[in-house]
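Novice: To be precise about what I am sending: the file is called target_34.tsv and holds TSV, C-alpha atoms.
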chain	number	residue	atom	x	y	z
A	1	MET	CA	-15.12	19.05	75.97
A	2	SER	CA	-17.07	18.24	72.81
A	3	GLY	CA	-19.61	20.90	73.68
A	4	GLN	CA	-16.99	23.61	74.09
A	5	ASN	CA	-17.96	27.00	72.70
A	6	ASN	CA	-15.84	29.98	71.71
A	7	ILE	CA	-16.40	31.55	75.12
A	8	ASP	CA	-14.67	28.61	76.84
A	9	ILE	CA	-11.51	28.78	74.75
A	10	SER	CA	-8.59	31.01	75.70
A	11	LYS	CA	-5.51	32.10	73.82
A	12	ASP	CA	-3.38	30.55	76.55
A	13	GLU	CA	-5.01	27.15	76.00
A	14	ILE	CA	-4.42	27.25	72.25
A	15	SER	CA	-0.86	28.50	72.73
A	16	ASP	CA	-0.19	25.62	75.11
A	17	LEU	CA	-1.54	23.11	72.59
A	18	ILE	CA	0.63	24.62	69.85
A	19	ARG	CA	3.63	24.22	72.17
A	20	ILE	CA	2.73	20.56	72.77
A	21	GLY	CA	2.35	20.11	69.02
A	22	ASN	CA	5.92	21.33	68.58
A	23	VAL	CA	7.09	18.86	71.23
A	24	LEU	CA	5.36	16.05	69.32
A	25	LEU	CA	7.13	17.13	66.15
A	26	ASP	CA	10.47	17.09	67.98
A	27	LEU	CA	9.82	13.52	69.15
A	28	LEU	CA	9.22	12.40	65.57
A	29	GLU	CA	12.10	14.34	64.05
A	30	ASP	CA	14.65	13.22	66.66
A	31	ASN	CA	13.69	9.56	66.41
A	32	SER	CA	16.04	8.81	63.52
A	33	GLU	CA	19.04	9.56	65.73
A	34	VAL	CA	18.44	6.83	68.35
A	35	ASP	CA	18.81	3.05	68.53
A	36	GLU	CA	15.83	0.66	68.38
A	37	LYS	CA	15.21	0.77	72.12
A	38	GLY	CA	15.34	4.56	72.13
A	39	TYR	CA	13.14	4.65	69.03
A	40	GLN	CA	10.39	2.62	70.68
A	41	LYS	CA	10.61	4.72	73.83
A	42	LYS	CA	10.15	7.97	71.91
A	43	ARG	CA	7.44	6.40	69.77
A	44	ASN	CA	5.49	5.38	72.87
A	45	MET	CA	5.91	8.88	74.30
A	46	PHE	CA	4.60	10.36	71.06
A	47	ILE	CA	1.55	8.08	70.97
A	48	GLY	CA	0.59	8.80	74.58
A	49	GLU	CA	0.95	12.56	74.22
A	50	TYR	CA	-0.57	12.74	70.74
A	51	ASN	CA	-3.82	11.03	71.73
A	52	LYS	CA	-4.34	13.52	74.56
A	53	TRP	CA	-3.34	16.43	72.31
A	54	TYR	CA	-5.69	15.41	69.51
A	55	SER	CA	-8.61	14.97	71.92
A	56	ARG	CA	-8.09	18.50	73.24
A	57	CYS	CA	-7.54	20.05	69.81
A	58	LEU	CA	-10.47	18.58	67.90
A	59	PRO	CA	-13.34	20.42	69.65
A	60	ILE	CA	-11.36	23.66	69.40
A	61	ILE	CA	-10.84	23.19	65.67
A	62	ARG	CA	-14.52	22.38	65.17
A	63	SER	CA	-15.51	25.50	67.06
A	64	MET	CA	-12.88	28.02	65.96
A	65	VAL	CA	-11.72	26.74	62.55
A	66	PRO	CA	-14.74	24.80	61.27
A	67	ASP	CA	-13.64	25.18	57.65
A	68	LYS	CA	-10.56	23.04	58.42
A	69	ALA	CA	-12.15	20.52	60.81
A	70	ILE	CA	-12.61	17.81	58.18
A	71	ARG	CA	-9.03	18.21	57.02
A	72	PHE	CA	-7.75	18.11	60.61
A	73	GLU	CA	-9.59	14.86	61.26
A	74	SER	CA	-8.58	13.29	57.95
A	75	LEU	CA	-4.91	13.79	58.82
A	76	TYR	CA	-5.54	11.58	61.85
A	77	HIS	CA	-7.79	8.98	60.26
A	78	THR	CA	-9.85	8.39	57.14
A	79	ASN	CA	-12.23	5.76	55.85
A	80	ASN	CA	-12.29	7.25	52.38
A	81	ARG	CA	-9.36	5.56	50.64
A	82	SER	CA	-8.78	2.57	48.44
A	83	GLY	CA	-5.43	1.72	50.02
A	84	THR	CA	-2.59	2.97	52.20
A	85	ASN	CA	0.13	4.92	50.45
A	86	GLU	CA	2.33	7.95	51.03
A	87	TYR	CA	-0.58	10.25	50.15
A	88	THR	CA	-3.32	8.60	52.20
A	89	TYR	CA	-1.22	7.59	55.22
A	90	THR	CA	-2.56	8.98	58.50
A	91	VAL	CA	-1.32	9.49	62.05
A	92	GLN	CA	-3.61	6.66	63.15
A	93	ASP	CA	-1.71	4.33	60.81
A	94	TYR	CA	1.51	5.28	62.59
A	95	ILE	CA	-0.05	4.73	66.00
A	96	GLN	CA	-1.26	1.29	64.90
A	97	GLY	CA	2.26	0.38	63.81
A	98	ILE	CA	1.66	0.39	60.06
A	99	TYR	CA	4.96	1.04	58.26
A	100	PHE	CA	5.85	1.07	54.59
A	101	LYS	CA	7.49	-2.14	53.44
A	102	ASP	CA	10.96	-1.91	51.92
A	103	LYS	CA	11.34	1.59	53.37
A	104	PRO	CA	13.32	2.70	56.43
A	105	LYS	CA	11.32	3.71	59.48
A	106	SER	CA	12.45	7.28	58.94
A	107	TYR	CA	10.38	7.35	55.73
A	108	THR	CA	7.19	6.65	57.68
A	109	ASP	CA	8.28	9.02	60.45
A	110	ASN	CA	8.73	11.83	57.92
A	111	ILE	CA	5.24	11.34	56.50
A	112	THR	CA	3.77	11.30	60.01
A	113	THR	CA	5.71	14.46	60.84
A	114	LYS	CA	4.19	16.17	57.82
A	115	ARG	CA	0.67	15.22	58.97
A	116	VAL	CA	1.19	16.49	62.53
A	117	ARG	CA	2.85	19.68	61.30
A	118	GLU	CA	-0.19	20.44	59.15
A	119	GLN	CA	-2.50	19.76	62.09
A	120	ASN	CA	-0.49	22.14	64.25
A	121	SER	CA	-0.69	24.77	61.51
A	122	ILE	CA	-4.47	24.41	61.45
A	123	LEU	CA	-4.50	24.87	65.22
A	124	LYS	CA	-2.44	28.05	64.87
A	125	ALA	CA	-5.18	29.46	62.64
A	126	ALA	CA	-7.48	29.47	65.67
A	127	LEU	CA	-5.38	32.04	67.56
A	128	PRO	CA	-6.37	35.13	65.52
A	129	ARG	CA	-10.03	34.14	65.87
A	130	ILE	CA	-9.95	34.46	69.65
A	131	THR	CA	-10.97	37.89	70.95
A	132	ASP	CA	-11.35	39.30	74.43
A	133	PHE	CA	-15.08	39.45	73.81
A	134	SER	CA	-16.29	36.24	72.21
A	135	PHE	CA	-19.59	34.44	72.10
A	136	ASP	CA	-21.36	31.56	70.43
A	137	MET	CA	-22.44	33.12	67.12
A	138	GLU	CA	-24.60	30.21	66.04
A	139	ARG	CA	-26.62	30.32	69.27
A	140	PHE	CA	-26.94	34.11	68.98
A	141	VAL	CA	-28.32	33.95	65.45
A	142	LYS	CA	-30.82	31.26	66.38
A	143	ILE	CA	-32.19	33.55	69.08
A	144	ASN	CA	-31.85	36.77	67.05
A	145	PRO	CA	-32.54	36.02	63.37
A	146	ILE	CA	-31.09	38.66	61.06
A	147	ARG	CA	-33.01	39.48	57.89
A	148	SER	CA	-34.69	36.08	58.03
A	149	GLN	CA	-31.40	34.33	57.24
A	150	PRO	CA	-31.07	30.70	58.33
A	151	SER	CA	-29.09	30.25	61.52
A	152	HIS	CA	-26.19	28.58	59.71
A	153	SER	CA	-25.64	31.45	57.26
A	154	LEU	CA	-23.24	33.36	59.50
A	155	THR	CA	-21.30	30.32	60.60
A	156	ARG	CA	-20.83	28.59	57.26
A	157	GLN	CA	-17.42	28.10	55.74
A	158	ASP	CA	-15.82	31.27	54.39
A	159	LYS	CA	-13.01	29.59	52.46
A	160	LEU	CA	-13.08	26.93	49.80
A	161	ILE	CA	-9.30	26.54	49.73
A	162	ASP	CA	-6.81	27.10	52.54
A	163	HIS	CA	-3.61	25.90	50.94
A	164	ASP	CA	-0.27	27.67	50.54
A	165	PHE	CA	0.91	26.96	46.99
A	166	TYR	CA	4.45	26.93	45.66
A	167	ASP	CA	3.52	29.51	43.02
A	168	GLU	CA	2.39	33.04	43.91
A	169	HIS	CA	0.13	33.15	40.87
A	170	TYR	CA	-1.69	30.14	42.29
A	171	ASN	CA	-1.96	31.85	45.66
A	172	SER	CA	-3.54	34.83	43.91
A	173	MET	CA	-6.03	32.49	42.26
A	174	ARG	CA	-6.77	30.96	45.66
A	175	THR	CA	-7.58	34.41	47.03
A	176	GLU	CA	-9.91	35.09	44.10
A	177	ILE	CA	-11.61	31.71	44.50
A	178	ASN	CA	-12.17	32.23	48.22
A	179	SER	CA	-13.48	35.75	47.65
A	180	ASN	CA	-16.04	34.50	45.13
A	181	PHE	CA	-16.98	31.59	47.36
A	182	LYS	CA	-17.54	33.81	50.39
A	183	ARG	CA	-19.64	36.30	48.41
A	184	GLY	CA	-21.80	33.55	46.96
A	185	PHE	CA	-20.43	33.69	43.40
A	186	THR	CA	-20.24	29.92	43.34
A	187	MET	CA	-20.02	29.39	39.59
A	188	SER	CA	-17.01	31.72	39.40
A	189	ALA	CA	-15.38	29.91	42.32
A	190	PHE	CA	-16.04	26.57	40.64
A	191	VAL	CA	-14.65	27.58	37.24
A	192	LEU	CA	-11.54	29.13	38.77
A	193	SER	CA	-11.02	26.04	40.94
A	194	ARG	CA	-11.12	23.79	37.90
A	195	GLU	CA	-8.64	26.06	36.16
A	196	LEU	CA	-6.27	25.96	39.12
A	197	ILE	CA	-6.50	22.17	39.27
A	198	ARG	CA	-5.84	22.02	35.53
A	199	ASN	CA	-2.67	24.07	35.99
A	200	LEU	CA	-1.50	21.83	38.83
A	201	LEU	CA	-2.06	18.82	36.58
A	202	LEU	CA	-0.06	20.50	33.83
A	203	ASP	CA	2.79	21.13	36.26
A	204	MET	CA	2.77	17.49	37.32
A	205	ILE	CA	2.75	16.17	33.76
A	206	ARG	CA	5.53	18.54	32.67
A	207	ILE	CA	7.79	17.27	35.46
A	208	GLN	CA	7.63	13.77	34.00
A	209	PHE	CA	7.36	14.88	30.37
A	210	PRO	CA	9.35	18.12	30.05
A	211	PRO	CA	8.62	20.19	26.91
A	212	ARG	CA	11.80	19.16	25.13
A	213	SER	CA	10.10	17.40	22.26
A	214	GLU	CA	6.89	17.72	20.29
A	215	GLU	CA	5.92	14.24	21.47
A	216	ASN	CA	6.05	15.33	25.11
A	217	VAL	CA	4.28	18.62	24.47
A	218	SER	CA	1.45	16.83	22.66
A	219	ILE	CA	0.65	14.91	25.85
A	220	TYR	CA	-0.79	18.01	27.49
A	221	TYR	CA	-1.02	20.58	24.70
A	222	ASP	CA	-3.30	20.57	21.66
A	223	ILE	CA	-0.81	21.63	19.02
A	224	ASN	CA	-3.40	21.88	16.23
A	225	ASN	CA	-5.63	24.25	18.19
A	226	ASN	CA	-2.76	25.96	20.02
A	227	CYS	CA	-4.17	25.49	23.53
A	228	HIS	CA	-3.73	23.34	26.62
A	229	LYS	CA	-5.93	20.28	26.90
A	230	GLU	CA	-9.03	20.32	29.07
A	231	LEU	CA	-9.12	19.15	32.68
A	232	ARG	CA	-10.88	15.84	32.09
A	233	THR	CA	-8.54	14.98	29.21
A	234	LEU	CA	-5.49	15.69	31.37
A	235	ALA	CA	-6.88	13.58	34.21
A	236	LEU	CA	-7.51	10.64	31.89
A	237	THR	CA	-4.02	11.12	30.46
A	238	ILE	CA	-2.32	10.57	33.81
A	239	ARG	CA	-4.50	7.51	34.32
A	240	GLU	CA	-3.36	6.11	30.96
A	241	ARG	CA	0.27	6.94	31.68
A	242	LYS	CA	0.39	6.03	35.36
A	243	ASP	CA	3.02	3.37	34.67
A	244	ASP	CA	5.33	6.16	33.48
A	245	LEU	CA	4.83	8.18	36.66
A	246	ASP	CA	6.81	7.42	39.80
A	247	LEU	CA	3.64	7.62	41.87
A	248	ASN	CA	1.35	5.21	43.65
A	249	PRO	CA	-1.18	3.93	41.04
A	250	GLU	CA	-3.97	3.78	43.64
A	251	ALA	CA	-3.39	7.43	44.53
A	252	ILE	CA	-3.51	8.38	40.85
A	253	GLU	CA	-6.79	6.51	40.41
A	254	HIS	CA	-8.25	8.22	43.48
A	255	LEU	CA	-7.18	11.61	42.12
A	256	VAL	CA	-8.66	10.97	38.67
A	257	GLU	CA	-11.98	9.84	40.13
A	258	MET	CA	-12.28	13.03	42.19
A	259	ILE	CA	-11.39	15.25	39.23
A	260	CYS	CA	-13.82	13.54	36.88
A	261	THR	CA	-16.72	14.31	39.21
A	262	MET	CA	-15.93	17.99	38.58
A	263	GLU	CA	-15.77	17.51	34.82
A	264	PRO	CA	-18.53	15.07	33.79
A	265	GLU	CA	-18.89	13.97	30.21
A	266	THR	CA	-21.25	16.14	28.20
A	267	LYS	CA	-23.89	15.00	25.72
A	268	PRO	CA	-24.73	16.63	22.38
A	269	GLY	CA	-28.10	17.86	23.64
A	270	SER	CA	-26.92	19.13	27.02
A	271	HIS	CA	-25.76	22.59	28.07
A	272	SER	CA	-22.07	23.37	27.72
A	273	PHE	CA	-22.01	24.45	31.38
A	274	LEU	CA	-23.19	22.91	34.63
A	275	THR	CA	-26.03	24.04	36.85
A	276	ILE	CA	-24.92	26.85	39.15
A	277	PRO	CA	-23.60	25.05	42.25
A	278	THR	CA	-24.35	25.88	45.86
A	279	GLN	CA	-21.62	26.23	48.47
A	280	GLU	CA	-22.52	22.74	49.66
A	281	ASN	CA	-22.08	21.43	46.10
A	282	LEU	CA	-18.61	22.96	45.91
A	283	LEU	CA	-17.57	21.44	49.22
A	284	ALA	CA	-18.82	18.04	48.05
A	285	TYR	CA	-16.38	18.17	45.12
A	286	ARG	CA	-13.52	17.97	47.68
A	287	ILE	CA	-11.60	20.63	45.78
A	288	GLU	CA	-9.08	21.28	48.52
A	289	GLU	CA	-8.39	17.56	48.90
A	290	ILE	CA	-7.68	17.35	45.17
A	291	MET	CA	-5.26	20.27	45.40
A	292	ASP	CA	-3.57	18.85	48.51
A	293	LEU	CA	-3.05	15.51	46.78
A	294	LEU	CA	-1.76	17.15	43.60
A	295	THR	CA	0.77	19.30	45.45
A	296	ASP	CA	1.91	16.27	47.48
A	297	MET	CA	2.48	14.39	44.23
A	298	ILE	CA	4.33	17.32	42.68
A	299	ASP	CA	6.56	17.66	45.75
A	300	PHE	CA	7.29	13.93	45.62
A	301	MET	CA	8.17	14.03	41.92
A	302	LYS	CA	10.51	16.98	42.42
A	303	GLN	CA	12.61	15.09	44.97
So, in terms of structure tokens, how does the structure I just supplied come out?
Specialist:
Amino acid sequence: MSGQNNIDISKDEISDLIRIGNVLLDLLEDNSEVDEKGYQKKRNMFIGEYNKWYSRCLPIIRSMVPDKAIRFESLYHTNNRSGTNEYTYTVQDYIQGIYFKDKPKSYTDNITTKRVREQNSILKAALPRITDFSFDMERFVKINPIRSQPSHSLTRQDKLIDHDFYDEHYNSMRTEINSNFKRGFTMSAFVLSRELIRNLLLDMIRIQFPPRSEENVSIYYDINNNCHKELRTLALTIRERKDDLDLNPEAIEHLVEMICTMEPETKPGSHSFLTIPTQENLLAYRIEEIMDLLTDMIDFMKQ
């Protein structure tokens, strides 16, 4: 099935996989209501069905929702982490029997449920992309070059961010970022992305340090210059104050490292702005992963 093209995929097949995804979610969500024997039985049922479901879904996601394929796979497994925590935990960890120490099993089940629910949401995004007349665009362009464009130009990722934020202003920014990214205005997309990440960082810091005192405000706001602090400064601030945050220190370090690649230190003789990035450069910054991690942290801190 790895060579499956758009023409081989039907709405009925995707709808059936979405239905199975909902069944998998039910198995996880109902597990807290049974005894140990019942728990293991449902867990085994989940593992058996999930492996088959994931194997069927992955080639469809790669073909129909290529912009979310990496995210879909990373929810199942990842090699890019410094440790296992509530932010980096994957479905594969659950299948391998890795649970959080000093936490009830329901805690791990809830995290796994969140991962599978996001995967099922990504799968749902494939439905609108199925049409009665569908064909392999990449193969078509290779055979019929249009205006001398490279064959990948019509199949490249159209979105930089596909995340539903808790703030409508942020969702508006996401739309603007994606519009600039799709049209090739990569510097605009990059600058707006950094600004959105900066605002998410501000939200996170203000949860822990609400603006009730000048001392708290000074953590994220430059009182002398009457402006919020820059992205890199905010990132280094949460690193310095990670002991004050009720978050996994390894996850904070991972977040800071990703952010700092977007905001490198400048030198006196260098330009005040970066070289105009390509779409590939923007994707390499893992902007959506940064935003996903930040919103997960914010949700956790609000609990």
Novice: By how many Å are atom CA of A:Gln279 and atom CA of A:Gly184 apart?
Specialist: 7.5 Å
Novice: If you measure from atom CA of A:Tyr285 to atom CA of A:Phe209, what distance in Å do you get, rounded to one decimal?
Specialist: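 Separation between atom CA of A:Tyr285 and atom CA of A:Phe209: 28.1 Å.
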Novice: Which residue out of A:Ile298, A:Ile70, A:Ile122, A:Cys57 has the minimum interatomic distance to A:Asp203 when all atoms listed in the file are used?
Specialist: A:Ile298
Novice: Could you give me, as a list in words, the residues within 8 Å of A:Thr108, counting only C-alpha atoms and dropping anything in the same chain fewer than 4 positions from it?
Specialist: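 My reading of the contact set: Tyr94, Tyr99, Phe100, Lys103, Pro104 and Thr112 of chain A.
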Novice: Given the choices A:Gln303, A:Ser106, A:Thr278, A:Asn120, which gets closest to A:Tyr76 if the distance is worked out from only C-alpha atoms?
Specialist: A:Asn120
Novice: Put the listed atoms of stretch 214-222 of chain A in a box along x, y and z with 8 Å added on every side and give me the centre and edge lengths in Å to one decimal, as lines of an AutoDock Vina configuration file.
Specialist:
center_x = 1.8
center_y = 17.4
center_z = 23.9
size_x = 26.2
size_y = 22.3
size_z = 23.2
Novice: Skip A:His254 itself and residues of its chain fewer than 4 positions away, then list as a VMD selection string all residues within 9 Å of it, counting all atoms listed in the file.
Specialist: chain A and resid 81 to 82 249 to 250 258 to 259
Novice: Restricting the calculation to all atoms listed in the file: of A:Asn44, A:Asn22, A:Ser10, A:Asn31, which residue gets closest to A:Gln119?
Specialist: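 Distance minimum relative to A:Gln119 lands on A:Asn22.
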Novice: Which residues are close to A:Leu192, i.e. within 10 Å by only C-alpha atoms, leaving aside same-chain residues fewer than 5 positions away? Reply as a ChimeraX atom specification.
Specialist: /A:173-174,176-178,180,186-187,197-198
Novice: Distance atom CA of A:Tyr89-atom CA of A:Lys302, one decimal place?
Specialist: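 Computing the Euclidean distance for atom CA of A:Tyr89 and atom CA of A:Lys302 yields 19.7 Å.
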Novice: Check the smallest atom-to-atom distance from each of A:Asp109, A:Asp244, A:Asp158, A:Asp164 to A:Asp26 using only C-alpha atoms, then report the winner.
Specialist: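 Closest to A:Asp26 of all the choices is A:Asp109.
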Novice: I'd like to know which of A:Ile47, A:Ile18, A:Cys260, A:Met301 is closest to A:Gln208, using all atoms listed in the file.
Specialist: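 Closest residue, counting all atoms listed in the file: A:Met301.
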Novice: Pick out the residues sitting within 12 Å of A:Leu17, and hand them over as a VMD selection string; count all atoms listed in the file, and ignore anything fewer than 5 positions along from it in its own chain.
Specialist: chain A and resid 9 to 12 22 to 24 49 to 50 52 to 58 60 to 61 119 to 124 126 to 127
Novice: Nearest to A:Asn199: which of A:Glu36, A:Asp243, A:Glu73, A:Glu230 is it, counting all atoms listed in the file?
Specialist: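 Of A:Glu36, A:Asp243, A:Glu73, A:Glu230, the one nearest A:Asn199 is A:Glu230, counting all atoms listed in the file.
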Novice: Tell me which protein, DNA and RNA residues are within 10 Å of A:Asn248, counting all atoms listed in the file, leaving out same-chain ones fewer than 6 positions away, and put them as number ranges by chain.
Specialist: A: 83-87, 242, 297
Novice: Write out N, CA, C and O atoms for stretch 279-299 of chain A, as a PDB file, in the coordinates of the input.
Specialist:
ATOM      1  N   GLN A 279     -22.856  26.408  47.701  1.00  0.00           N
ATOM      2  CA  GLN A 279     -21.620  26.230  48.470  1.00  0.00           C
ATOM      3  C   GLN A 279     -21.466  24.781  48.901  1.00  0.00           C
ATOM      4  O   GLN A 279     -20.356  24.238  48.905  1.00  0.00           O
ATOM      5  N   GLU A 280     -22.579  24.152  49.243  1.00  0.00           N
ATOM      6  CA  GLU A 280     -22.520  22.740  49.660  1.00  0.00           C
ATOM      7  C   GLU A 280     -22.064  21.859  48.495  1.00  0.00           C
ATOM      8  O   GLU A 280     -21.308  20.905  48.692  1.00  0.00           O
ATOM      9  N   ASN A 281     -22.523  22.182  47.281  1.00  0.00           N
ATOM     10  CA  ASN A 281     -22.080  21.430  46.100  1.00  0.00           C
ATOM     11  C   ASN A 281     -20.565  21.538  45.936  1.00  0.00           C
ATOM     12  O   ASN A 281     -19.880  20.542  45.670  1.00  0.00           O
ATOM     13  N   LEU A 282     -20.052  22.748  46.084  1.00  0.00           N
ATOM     14  CA  LEU A 282     -18.610  22.960  45.910  1.00  0.00           C
ATOM     15  C   LEU A 282     -17.812  22.170  46.940  1.00  0.00           C
ATOM     16  O   LEU A 282     -16.792  21.565  46.613  1.00  0.00           O
ATOM     17  N   LEU A 283     -18.271  22.181  48.181  1.00  0.00           N
ATOM     18  CA  LEU A 283     -17.570  21.440  49.220  1.00  0.00           C
ATOM     19  C   LEU A 283     -17.594  19.940  48.937  1.00  0.00           C
ATOM     20  O   LEU A 283     -16.633  19.223  49.225  1.00  0.00           O
ATOM     21  N   ALA A 284     -18.689  19.473  48.353  1.00  0.00           N
ATOM     22  CA  ALA A 284     -18.820  18.040  48.050  1.00  0.00           C
ATOM     23  C   ALA A 284     -17.836  17.593  46.976  1.00  0.00           C
ATOM     24  O   ALA A 284     -17.492  16.407  46.903  1.00  0.00           O
ATOM     25  N   TYR A 285     -17.363  18.523  46.150  1.00  0.00           N
ATOM     26  CA  TYR A 285     -16.380  18.170  45.120  1.00  0.00           C
ATOM     27  C   TYR A 285     -14.996  17.895  45.710  1.00  0.00           C
ATOM     28  O   TYR A 285     -14.108  17.436  44.997  1.00  0.00           O
ATOM     29  N   ARG A 286     -14.797  18.225  46.979  1.00  0.00           N
ATOM     30  CA  ARG A 286     -13.520  17.970  47.680  1.00  0.00           C
ATOM     31  C   ARG A 286     -12.357  18.636  46.939  1.00  0.00           C
ATOM     32  O   ARG A 286     -11.298  18.054  46.719  1.00  0.00           O
ATOM     33  N   ILE A 287     -12.577  19.886  46.580  1.00  0.00           N
ATOM     34  CA  ILE A 287     -11.600  20.630  45.780  1.00  0.00           C
ATOM     35  C   ILE A 287     -10.275  20.771  46.505  1.00  0.00           C
ATOM     36  O   ILE A 287      -9.203  20.577  45.916  1.00  0.00           O
ATOM     37  N   GLU A 288     -10.337  21.105  47.782  1.00  0.00           N
ATOM     38  CA  GLU A 288      -9.080  21.280  48.520  1.00  0.00           C
ATOM     39  C   GLU A 288      -8.327  19.958  48.643  1.00  0.00           C
ATOM     40  O   GLU A 288      -7.094  19.921  48.563  1.00  0.00           O
ATOM     41  N   GLU A 289      -9.048  18.868  48.824  1.00  0.00           N
ATOM     42  CA  GLU A 289      -8.390  17.560  48.900  1.00  0.00           C
ATOM     43  C   GLU A 289      -7.681  17.228  47.596  1.00  0.00           C
ATOM     44  O   GLU A 289      -6.576  16.679  47.595  1.00  0.00           O
ATOM     45  N   ILE A 290      -8.315  17.572  46.472  1.00  0.00           N
ATOM     46  CA  ILE A 290      -7.680  17.350  45.170  1.00  0.00           C
ATOM     47  C   ILE A 290      -6.386  18.147  45.073  1.00  0.00           C
ATOM     48  O   ILE A 290      -5.342  17.632  44.647  1.00  0.00           O
ATOM     49  N   MET A 291      -6.446  19.410  45.488  1.00  0.00           N
ATOM     50  CA  MET A 291      -5.260  20.270  45.400  1.00  0.00           C
ATOM     51  C   MET A 291      -4.165  19.806  46.355  1.00  0.00           C
ATOM     52  O   MET A 291      -2.977  19.839  46.014  1.00  0.00           O
ATOM     53  N   ASP A 292      -4.560  19.371  47.553  1.00  0.00           N
ATOM     54  CA  ASP A 292      -3.570  18.850  48.510  1.00  0.00           C
ATOM     55  C   ASP A 292      -2.862  17.630  47.931  1.00  0.00           C
ATOM     56  O   ASP A 292      -1.632  17.502  48.028  1.00  0.00           O
ATOM     57  N   LEU A 293      -3.631  16.730  47.340  1.00  0.00           N
ATOM     58  CA  LEU A 293      -3.050  15.510  46.780  1.00  0.00           C
ATOM     59  C   LEU A 293      -2.141  15.840  45.593  1.00  0.00           C
ATOM     60  O   LEU A 293      -1.043  15.285  45.463  1.00  0.00           O
ATOM     61  N   LEU A 294      -2.576  16.756  44.747  1.00  0.00           N
ATOM     62  CA  LEU A 294      -1.760  17.150  43.600  1.00  0.00           C
ATOM     63  C   LEU A 294      -0.429  17.767  44.034  1.00  0.00           C
ATOM     64  O   LEU A 294       0.628  17.439  43.491  1.00  0.00           O
ATOM     65  N   THR A 295      -0.476  18.657  45.007  1.00  0.00           N
ATOM     66  CA  THR A 295       0.770  19.300  45.450  1.00  0.00           C
ATOM     67  C   THR A 295       1.678  18.295  46.155  1.00  0.00           C
ATOM     68  O   THR A 295       2.907  18.378  46.034  1.00  0.00           O
ATOM     69  N   ASP A 296       1.092  17.335  46.879  1.00  0.00           N
ATOM     70  CA  ASP A 296       1.910  16.270  47.480  1.00  0.00           C
ATOM     71  C   ASP A 296       2.617  15.469  46.391  1.00  0.00           C
ATOM     72  O   ASP A 296       3.804  15.133  46.517  1.00  0.00           O
ATOM     73  N   MET A 297       1.894  15.151  45.336  1.00  0.00           N
ATOM     74  CA  MET A 297       2.480  14.390  44.230  1.00  0.00           C
ATOM     75  C   MET A 297       3.586  15.189  43.542  1.00  0.00           C
ATOM     76  O   MET A 297       4.654  14.658  43.210  1.00  0.00           O
ATOM     77  N   ILE A 298       3.332  16.467  43.328  1.00  0.00           N
ATOM     78  CA  ILE A 298       4.330  17.320  42.680  1.00  0.00           C
ATOM     79  C   ILE A 298       5.589  17.418  43.539  1.00  0.00           C
ATOM     80  O   ILE A 298       6.715  17.313  43.035  1.00  0.00           O
ATOM     81  N   ASP A 299       5.406  17.604  44.844  1.00  0.00           N
ATOM     82  CA  ASP A 299       6.560  17.660  45.750  1.00  0.00           C
ATOM     83  C   ASP A 299       7.353  16.359  45.697  1.00  0.00           C
ATOM     84  O   ASP A 299       8.590  16.365  45.689  1.00  0.00           O
TER      85      ASP A 299
END
